[in-house]
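The file model_33.cif comes next; it holds mmCIF, C-alpha atoms.
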```cif
data_upload
#
loop_
_atom_site.label_atom_id
_atom_site.label_comp_id
_atom_site.auth_asym_id
_atom_site.auth_seq_id
_atom_site.Cartn_x
_atom_site.Cartn_y
_atom_site.Cartn_z
CA MET B 17 36.09 25.78 17.65
CA THR B 18 33.38 26.42 20.24
CA ASN B 19 29.93 27.11 18.82
CA SER B 20 28.60 30.49 20.04
CA PHE B 21 24.97 29.65 19.28
CA MET B 22 22.98 27.26 21.41
CA LEU B 23 20.24 26.97 18.79
CA GLU B 24 20.33 27.50 15.02
CA VAL B 25 17.19 27.05 12.91
CA ARG B 26 17.60 27.14 9.13
CA ASN B 27 14.83 27.14 6.49
CA LEU B 28 12.55 25.15 8.81
CA ASN B 29 9.22 23.96 7.39
CA LYS B 30 6.49 21.69 8.69
CA SER B 31 3.34 20.65 6.84
CA PHE B 32 0.45 18.50 8.01
CA GLY B 33 -1.21 17.50 4.78
CA GLU B 34 -2.29 20.74 3.13
CA VAL B 35 -1.70 22.78 6.28
CA HIS B 36 1.67 24.58 6.22
CA ALA B 37 2.15 25.11 9.96
CA VAL B 38 5.74 26.42 9.92
CA LYS B 39 7.08 28.35 6.95
CA ASN B 40 10.78 28.76 6.31
CA LEU B 41 11.84 29.78 9.83
CA ASN B 42 15.36 31.14 10.27
CA PHE B 43 16.73 32.28 13.65
CA GLN B 44 19.62 31.82 16.08
CA ILE B 45 19.82 31.96 19.87
CA PRO B 46 23.20 32.78 21.46
CA LYS B 47 24.28 30.89 24.55
CA GLY B 48 23.06 32.50 27.75
CA GLU B 49 20.04 34.28 26.24
CA ILE B 50 16.43 34.16 27.47
CA LEU B 51 14.28 34.35 24.33
CA GLY B 52 10.59 35.16 24.55
CA PHE B 53 8.72 33.18 21.89
CA LEU B 54 5.32 34.77 21.20
CA GLY B 55 2.44 34.19 18.86
CA PRO B 56 -1.35 33.75 18.80
CA ASN B 57 -2.94 30.31 19.07
CA GLY B 58 -2.23 28.31 15.92
CA ALA B 59 0.79 30.43 14.96
CA GLY B 60 3.19 27.46 14.91
CA LYS B 61 4.95 27.90 18.28
CA THR B 62 4.26 24.44 19.67
CA THR B 63 5.04 22.79 16.33
CA THR B 64 8.38 24.61 16.26
CA MET B 65 9.22 23.56 19.82
CA ARG B 66 8.31 19.95 19.04
CA MET B 67 10.74 19.95 16.12
CA ILE B 68 13.49 21.50 18.26
CA THR B 69 12.96 18.85 20.96
CA CYS B 70 13.02 15.98 18.39
CA PHE B 71 9.39 15.11 19.13
CA ILE B 72 8.40 15.43 15.46
CA PRO B 73 10.56 15.64 12.32
CA ALA B 74 10.67 18.69 10.07
CA THR B 75 9.27 18.52 6.56
CA SER B 76 12.41 20.36 5.45
CA GLY B 77 15.16 22.51 6.92
CA THR B 78 17.54 21.92 9.82
CA VAL B 79 17.76 22.48 13.56
CA HIS B 80 21.10 22.42 15.40
CA VAL B 81 21.41 22.45 19.19
CA ASP B 82 24.93 23.42 20.27
CA GLY B 83 26.11 22.39 16.81
CA LEU B 84 24.34 18.99 16.88
CA ASP B 85 21.76 18.08 14.24
CA THR B 86 18.34 17.07 15.64
CA VAL B 87 18.05 14.30 13.02
CA THR B 88 21.50 12.69 12.92
CA ASP B 89 22.36 13.44 16.59
CA SER B 90 18.88 13.11 18.04
CA LEU B 91 19.80 11.28 21.26
CA GLU B 92 22.59 13.69 22.16
CA VAL B 93 20.35 16.67 21.40
CA ARG B 94 17.70 15.33 23.77
CA ARG B 95 20.31 15.04 26.51
CA ARG B 96 21.02 18.76 26.15
CA ILE B 97 17.40 19.93 26.28
CA GLY B 98 15.07 20.35 29.26
CA TYR B 99 11.39 20.79 28.39
CA LEU B 100 8.43 21.95 30.47
CA ALA B 101 5.29 21.36 28.41
CA GLU B 102 2.23 23.59 28.77
CA ASN B 103 0.12 20.89 30.44
CA ASN B 104 3.03 19.97 32.80
CA PRO B 105 2.45 16.19 32.89
CA LEU B 106 3.36 14.81 36.33
CA TYR B 107 2.79 11.50 38.12
CA SER B 108 0.41 12.75 40.79
CA ASP B 109 0.54 9.56 42.89
CA MET B 110 4.27 10.05 43.58
CA THR B 111 5.85 12.30 46.17
CA VAL B 112 8.06 15.11 44.87
CA GLU B 113 11.21 13.23 45.91
CA GLU B 114 10.03 9.97 44.30
CA TYR B 115 9.16 11.73 41.08
CA LEU B 116 12.44 13.64 40.73
CA THR B 117 14.38 10.48 41.57
CA PHE B 118 12.43 8.63 38.87
CA VAL B 119 13.15 11.40 36.33
CA GLY B 120 16.83 11.38 37.25
CA GLU B 121 17.06 7.63 36.76
CA ILE B 122 15.45 7.94 33.32
CA ARG B 123 18.06 10.58 32.50
CA GLY B 124 20.85 8.16 33.40
CA LEU B 125 21.73 9.41 36.89
CA SER B 126 22.41 6.99 39.73
CA GLY B 127 23.91 6.66 43.20
CA GLY B 128 25.39 9.70 44.86
CA GLN B 129 25.14 11.78 41.70
CA LEU B 130 21.38 11.19 41.57
CA ARG B 131 20.84 12.01 45.26
CA SER B 132 22.97 15.12 44.95
CA ARG B 133 21.05 16.35 41.91
CA VAL B 134 17.66 15.74 43.52
CA ASN B 135 18.73 17.71 46.59
CA GLU B 136 20.06 20.48 44.37
CA MET B 137 16.67 20.73 42.62
CA PHE B 138 14.96 21.01 46.00
CA THR B 139 17.13 24.06 46.68
CA VAL B 140 17.04 25.65 43.22
CA CYS B 141 13.26 25.32 42.85
CA SER B 142 12.45 25.95 46.55
CA LEU B 143 10.88 22.50 47.04
CA THR B 144 12.69 21.34 50.20
CA GLY B 145 9.58 21.61 52.36
CA MET B 146 7.52 19.70 49.79
CA LYS B 147 9.82 16.75 49.05
CA ASN B 148 7.63 14.23 50.94
CA ARG B 149 4.35 15.74 49.74
CA GLN B 150 2.31 13.79 47.19
CA ILE B 151 2.20 15.72 43.91
CA ALA B 152 -1.60 15.41 43.76
CA HIS B 153 -1.82 17.52 46.93
CA LEU B 154 0.43 20.36 45.73
CA SER B 155 -0.81 23.82 44.73
CA LYS B 156 -0.58 24.88 41.10
CA GLY B 157 2.48 27.00 41.89
CA TYR B 158 4.37 24.11 43.46
CA ARG B 159 3.37 21.77 40.63
CA GLN B 160 4.98 24.24 38.22
CA ARG B 161 8.11 24.22 40.37
CA VAL B 162 8.19 20.42 40.16
CA GLY B 163 7.80 20.69 36.38
CA LEU B 164 10.77 23.05 36.23
CA ALA B 165 12.79 20.75 38.48
CA GLN B 166 12.20 17.74 36.20
CA ALA B 167 13.25 19.82 33.19
CA LEU B 168 16.47 20.75 34.99
CA MET B 169 17.30 17.36 36.54
CA HIS B 170 19.91 16.38 33.94
CA ASN B 171 21.48 19.87 33.90
CA PRO B 172 20.52 20.69 30.27
CA ASP B 173 22.15 23.44 28.23
CA LEU B 174 18.87 24.54 26.60
CA LEU B 175 15.66 24.94 28.63
CA ILE B 176 12.31 25.24 26.81
CA LEU B 177 9.36 26.50 28.86
CA ASP B 178 5.86 26.45 27.38
CA GLU B 179 3.49 28.70 29.39
CA PRO B 180 5.30 28.15 32.72
CA THR B 181 3.13 30.68 34.62
CA ILE B 182 -0.29 29.68 33.26
CA GLY B 183 -2.93 29.50 35.99
CA LEU B 184 -0.71 30.99 38.69
CA ASP B 185 -1.65 33.82 41.03
CA PRO B 186 0.38 37.08 40.94
CA ASN B 187 2.67 36.05 43.81
CA GLN B 188 3.39 32.70 42.21
CA ILE B 189 4.07 34.37 38.85
CA ILE B 190 6.66 36.65 40.45
CA GLU B 191 8.34 33.65 42.11
CA ILE B 192 8.51 31.67 38.85
CA ARG B 193 9.78 34.77 36.98
CA GLN B 194 12.60 35.19 39.49
CA LEU B 195 13.43 31.50 39.20
CA ILE B 196 13.57 31.68 35.39
CA ARG B 197 15.88 34.70 35.59
CA LYS B 198 18.17 32.83 37.95
CA ILE B 199 18.22 29.81 35.64
CA GLY B 200 18.78 32.08 32.62
CA ALA B 201 21.99 33.39 34.16
CA GLN B 202 23.54 29.97 33.51
CA LYS B 203 21.53 28.45 30.67
CA THR B 204 19.84 29.32 27.38
CA VAL B 205 16.07 29.58 27.79
CA ILE B 206 13.16 29.69 25.34
CA TYR B 207 10.18 31.15 27.18
CA CYS B 208 6.84 30.73 25.42
CA SER B 209 3.92 32.63 26.96
CA HIS B 210 0.77 34.62 26.24
CA ILE B 211 1.42 36.87 29.26
CA LEU B 212 3.23 39.63 27.41
CA SER B 213 4.17 41.62 30.51
CA GLU B 214 5.96 38.54 31.88
CA VAL B 215 7.89 38.04 28.66
CA SER B 216 8.89 41.70 28.61
CA ALA B 217 10.05 41.55 32.25
CA THR B 218 11.91 38.26 31.95
CA CYS B 219 13.44 37.95 28.47
CA ASN B 220 16.52 39.48 26.81
CA ARG B 221 14.95 39.28 23.35
CA ILE B 222 11.50 38.62 21.92
CA MET B 223 10.52 36.83 18.72
CA ILE B 224 6.94 36.96 17.43
CA ILE B 225 5.59 34.31 15.07
CA ASN B 226 2.34 34.43 13.11
CA GLU B 227 0.95 31.95 10.59
CA GLY B 228 4.19 29.98 10.76
CA GLN B 229 6.47 32.93 10.01
CA ILE B 230 8.58 35.33 12.07
CA VAL B 231 6.94 38.76 11.96
CA GLY B 232 9.04 40.57 14.58
CA SER B 233 12.25 40.16 16.55
CA GLY B 234 14.24 42.32 18.96
CA THR B 235 14.24 43.61 22.51
CA ALA B 236 10.95 44.87 23.94
CA GLU B 237 12.27 48.43 23.56
CA GLU B 238 13.22 47.89 19.91
CA LEU B 239 9.86 46.34 19.05
CA THR B 240 7.84 49.11 20.69
CA ALA B 241 10.03 51.87 19.21
CA ASN B 242 9.50 50.47 15.72
CA SER B 243 5.76 50.04 16.18
CA ALA B 244 3.31 52.00 14.07
CA ARG B 245 2.09 53.61 17.32
CA GLY B 246 5.71 54.23 18.20
CA ASN B 247 7.13 56.88 20.47
CA ARG B 248 4.78 59.87 20.77
CA TYR B 249 3.56 62.83 22.80
CA VAL B 250 -0.13 63.40 23.38
CA VAL B 251 -1.13 67.06 23.66
CA ARG B 252 -4.62 68.37 24.55
CA VAL B 253 -5.03 72.03 23.68
CA LYS B 254 -7.71 74.57 22.81
CA ALA B 255 -6.64 75.94 19.42
CA ASP B 256 -7.21 75.66 15.68
CA PRO B 257 -6.29 72.07 14.62
CA THR B 258 -4.50 73.17 11.45
CA VAL B 259 -2.37 75.66 13.40
CA VAL B 260 -1.58 72.99 16.02
CA LYS B 261 -0.56 70.48 13.38
CA ASN B 262 1.66 72.93 11.50
CA ALA B 263 3.26 74.41 14.62
CA LEU B 264 4.09 71.08 16.25
CA GLY B 265 5.44 69.84 12.92
CA THR B 266 8.19 72.48 13.12
CA VAL B 267 9.53 71.20 16.47
CA PRO B 268 12.85 69.41 15.79
CA GLY B 269 12.52 65.68 16.36
CA ILE B 270 8.79 65.46 15.61
CA THR B 271 8.22 63.42 12.45
CA GLN B 272 4.44 63.42 12.19
CA VAL B 273 1.42 65.07 13.82
CA ALA B 274 -2.15 63.83 13.86
CA THR B 275 -5.06 65.76 15.39
CA LYS B 276 -8.63 64.92 16.36
CA PRO B 277 -11.42 66.87 18.08
CA ALA B 278 -12.31 66.21 21.73
CA GLY B 279 -15.27 68.48 22.53
CA ASP B 280 -13.95 72.04 22.72
CA TRP B 281 -10.39 70.75 22.74
CA ILE B 282 -7.98 69.28 20.20
CA ILE B 283 -5.93 66.15 20.90
CA ALA B 284 -2.69 66.06 18.93
CA GLU B 285 -0.41 63.03 18.68
CA ALA B 286 3.14 64.10 17.91
CA PHE B 287 5.26 61.14 16.78
CA VAL B 288 8.98 61.42 17.42
CA ASP B 289 12.11 59.73 16.15
CA GLY B 290 14.64 58.91 18.84
CA ALA B 291 14.79 59.00 22.63
CA GLU B 292 15.31 62.76 23.12
CA ASP B 293 12.94 64.37 25.62
CA LEU B 294 10.80 66.85 23.65
CA GLY B 295 8.34 67.66 26.43
CA GLU B 296 9.79 71.12 27.12
CA ALA B 297 10.01 72.01 23.42
CA ILE B 298 6.34 71.07 22.93
CA PHE B 299 5.34 73.06 26.01
CA ARG B 300 7.20 76.13 24.72
CA CYS B 301 5.50 75.71 21.34
CA ALA B 302 2.09 75.76 23.04
CA VAL B 303 2.97 78.83 25.15
CA SER B 304 4.43 80.80 22.24
CA ASN B 305 1.28 80.18 20.20
CA GLY B 306 -1.03 81.14 23.07
CA TRP B 307 -2.77 77.78 23.28
CA SER B 308 -4.69 76.71 26.37
CA LEU B 309 -2.81 73.57 27.39
CA ALA B 310 -4.71 70.96 29.42
CA GLU B 311 -2.52 67.89 28.97
CA LEU B 312 0.95 66.90 27.79
CA LYS B 313 2.16 63.34 28.20
CA HIS B 314 4.76 61.06 26.68
CA GLU B 315 3.65 57.60 25.54
CA THR B 316 5.27 54.62 23.90
CA ALA B 317 3.57 51.67 22.27
CA SER B 318 3.07 48.70 24.58
CA LEU B 319 4.16 45.18 23.74
CA GLU B 320 0.45 44.40 23.43
CA ASP B 321 0.17 47.10 20.73
CA VAL B 322 3.10 45.55 18.87
CA PHE B 323 1.72 42.03 19.19
CA ILE B 324 -1.70 43.04 17.82
CA GLN B 325 -0.14 45.06 15.02
CA LEU B 326 2.13 42.22 13.89
CA THR B 327 -0.36 39.37 14.26
CA ARG B 328 -3.51 41.12 13.01
CA GLY B 329 -1.94 43.51 10.51
#
```
Can you dump the structure from the file as structure tokens?
Amino acid sequence: MTNSFMLEVRNLNKSFGEVHAVKNLNFQIPKGEILGFLGPNGAGKTTTMRMITCFIPATSGTVHVDGLDTVTDSLEVRRRIGYLAENNPLYSDMTVEEYLTFVGEIRGLSGGQLRSRVNEMFTVCSLTGMKNRQIAHLSKGYRQRVGLAQALMHNPDLLILDEPTIGLDPNQIIEIRQLIRKIGAQKTVIYCSHILSEVSATCNRIMIINEGQIVGSGTAEELTANSARGNRYVVRVKADPTVVKNALGTVPGITQVATKPAGDWIIAEAFVDGAEDLGEAIFRCAVSNGWSLAELKHETASLEDVFIQLTRG
């Protein structure tokens, strides 16, 4: 029976002396998903990725890659994983072609298969014009492309990317994002980054880890909808705050209203449950009560709001 999950993590723990870096992690990644893996510095992300890639052993728990155990089937698991580390270690004295050929040989490729794969990586990662360029003379963006190419050389099923856009300019970030999306159409990808807008734009699902534990998981829309700041309308009116709070509270779909003074005006936050557009209903409420209405806008929590809420309480 074919395994539908590319990665399964069960009761995973890792301790370094008295420091419990990863605490009882449990999650699964279906084949073909791009998972955004988020967390503040020291949250346990890198430790988790090192256990998945067989770099360090777990204190307890299990990790299975395409049904294979990272302890008993370590060599086969490594064959199925491509890894781009945050510091992107490259041999800067080699040309791009020399380096990718070297990586391919280490991965067991040879002859025509090796040449074909190197040429394919030139195309996939847009490196054709750089193949004879020494890596030391490449821009940061092209060095990241070479890092992605080495991670893909052996055609892995699971690709793990640790901060792949760090230090890139906006144009380079867009190029790498598009490349990751293209790769994600064929492979399972774990995308670790501190650039939350990139994760939101690139990933199918997001998982947030803090102090070694999962504190949030879902699509960007699900995480923001369930945030404490949630889905809300901001209304600025000139009226009695108690009247505003009571009147808006009667509008169907509004679950909570909070008001605060703003000079001669009142700012009301009307929190709503669901995706129904309540802008017109709120406007009619203001008109029927004779309020002077200066502003009415719909807001949702950002991924940054969710991240701060979940990692700082």
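Put simply, the PyMOL selection byres ((chain B and resi 106) around 10) in this file takes in Asn103, Asn104, Pro105, Tyr107, Ser108, Asp109, Met110, Val112, Tyr115, Ile151, Ala152, Arg159, Gln160, Val162, Gly163 and Gln166 of chain B.
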Contacts between region 173-192 of chain B and region 35-153 of chain B, please, where a residue of region 35-153 of chain B counts if it comes within 8 Å (with only C-alpha atoms); show its shortest atom pair and distance in Å to one decimal, rows by chain and ascending number, as a Markdown table.
```
| residue | atom | partner | partner_atom | distance |
| --- | --- | --- | --- | --- |
| B:Met65 | CA | B:Ile176 | CA | 7.8 |
| B:Arg96 | CA | B:Asp173 | CA | 5.2 |
| B:Ile97 | CA | B:Leu174 | CA | 4.8 |
| B:Gly98 | CA | B:Leu175 | CA | 4.7 |
| B:Tyr99 | CA | B:Ile176 | CA | 4.8 |
| B:Leu100 | CA | B:Leu177 | CA | 4.9 |
| B:Ala101 | CA | B:Asp178 | CA | 5.2 |
| B:Glu102 | CA | B:Asp178 | CA | 4.8 |
```
**Message:** Using all atoms listed in the file for the distances, tell me which of B:Gly83, B:Gly200, B:Gly55, B:Pro73 is nearest to Phe21 (chain B).
**Reply:** B:Gly83
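Interatomic distance, CA of Leu91 (chain B) against CA of Arg123 (chain B): 11.4 Å.
Interatomic distance, CA of Thr139 (chain B) against CA of Lys198 (chain B): 12.4 Å.
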Please determine the residues with any atom at most 6 Å from (12.8, 16.3, 49.9) (coordinates as given in the file, with only C-alpha atoms counting) and report them as a compact mmCIF listing (two decimals) with C-alpha atoms, in the frame of the given file.
```txt
# COMPACT_ATOMS: atom_id res chain seq x y z
CA GLU B 113 11.21 13.23 45.91
CA THR B 144 12.69 21.34 50.20
CA LYS B 147 9.82 16.75 49.05
CA ASN B 148 7.63 14.23 50.94
```
Return region 276-297 of chain B, completed with N, CA and C atoms, as a compact mmCIF listing (two decimals), in the frame of the given file.
```
# COMPACT_ATOMS: atom_id res chain seq x y z
N LYS B 276 -7.22 65.31 16.37
CA LYS B 276 -8.63 64.92 16.36
C LYS B 276 -9.37 65.76 17.40
N PRO B 277 -10.66 66.06 17.13
CA PRO B 277 -11.42 66.87 18.08
C PRO B 277 -11.78 66.09 19.33
N ALA B 278 -11.89 66.80 20.46
CA ALA B 278 -12.31 66.21 21.73
C ALA B 278 -13.16 67.26 22.45
N GLY B 279 -14.41 67.42 22.00
CA GLY B 279 -15.27 68.48 22.53
C GLY B 279 -14.75 69.83 22.07
N ASP B 280 -14.50 70.72 23.04
CA ASP B 280 -13.95 72.04 22.72
C ASP B 280 -12.43 72.00 22.57
N TRP B 281 -11.84 70.87 22.76
CA TRP B 281 -10.39 70.75 22.74
C TRP B 281 -9.93 69.99 21.50
N ILE B 282 -8.62 70.04 21.27
CA ILE B 282 -7.98 69.28 20.20
C ILE B 282 -6.94 68.36 20.85
N ILE B 283 -6.98 67.09 20.46
CA ILE B 283 -5.93 66.15 20.90
C ILE B 283 -4.98 65.93 19.73
N ALA B 284 -3.72 66.24 19.96
CA ALA B 284 -2.69 66.06 18.93
C ALA B 284 -1.74 64.95 19.37
N GLU B 285 -1.44 64.05 18.46
CA GLU B 285 -0.41 63.03 18.68
C GLU B 285 0.81 63.43 17.87
N ALA B 286 1.90 63.70 18.57
CA ALA B 286 3.14 64.10 17.91
C ALA B 286 4.12 62.93 17.97
N PHE B 287 4.36 62.29 16.84
CA PHE B 287 5.26 61.14 16.78
C PHE B 287 6.70 61.62 16.64
N VAL B 288 7.59 60.97 17.39
CA VAL B 288 8.98 61.42 17.42
C VAL B 288 9.91 60.30 17.02
N ASP B 289 11.09 60.68 16.56
CA ASP B 289 12.11 59.73 16.15
C ASP B 289 13.30 59.87 17.08
N GLY B 290 13.53 58.85 17.91
CA GLY B 290 14.64 58.91 18.84
C GLY B 290 14.15 59.02 20.28
N ALA B 291 15.10 59.03 21.21
CA ALA B 291 14.79 59.00 22.63
C ALA B 291 14.89 60.37 23.30
N GLU B 292 15.15 61.43 22.53
CA GLU B 292 15.31 62.76 23.12
C GLU B 292 14.00 63.23 23.75
N ASP B 293 14.11 63.85 24.92
CA ASP B 293 12.94 64.37 25.62
C ASP B 293 12.50 65.68 24.97
N LEU B 294 11.31 65.66 24.35
CA LEU B 294 10.80 66.85 23.65
C LEU B 294 9.67 67.52 24.40
N GLY B 295 9.44 67.09 25.66
CA GLY B 295 8.34 67.66 26.43
C GLY B 295 8.43 69.17 26.58
N GLU B 296 9.62 69.67 26.92
CA GLU B 296 9.79 71.12 27.12
C GLU B 296 9.61 71.87 25.82
N ALA B 297 10.14 71.34 24.72
CA ALA B 297 10.01 72.01 23.42
C ALA B 297 8.54 72.10 23.00
```
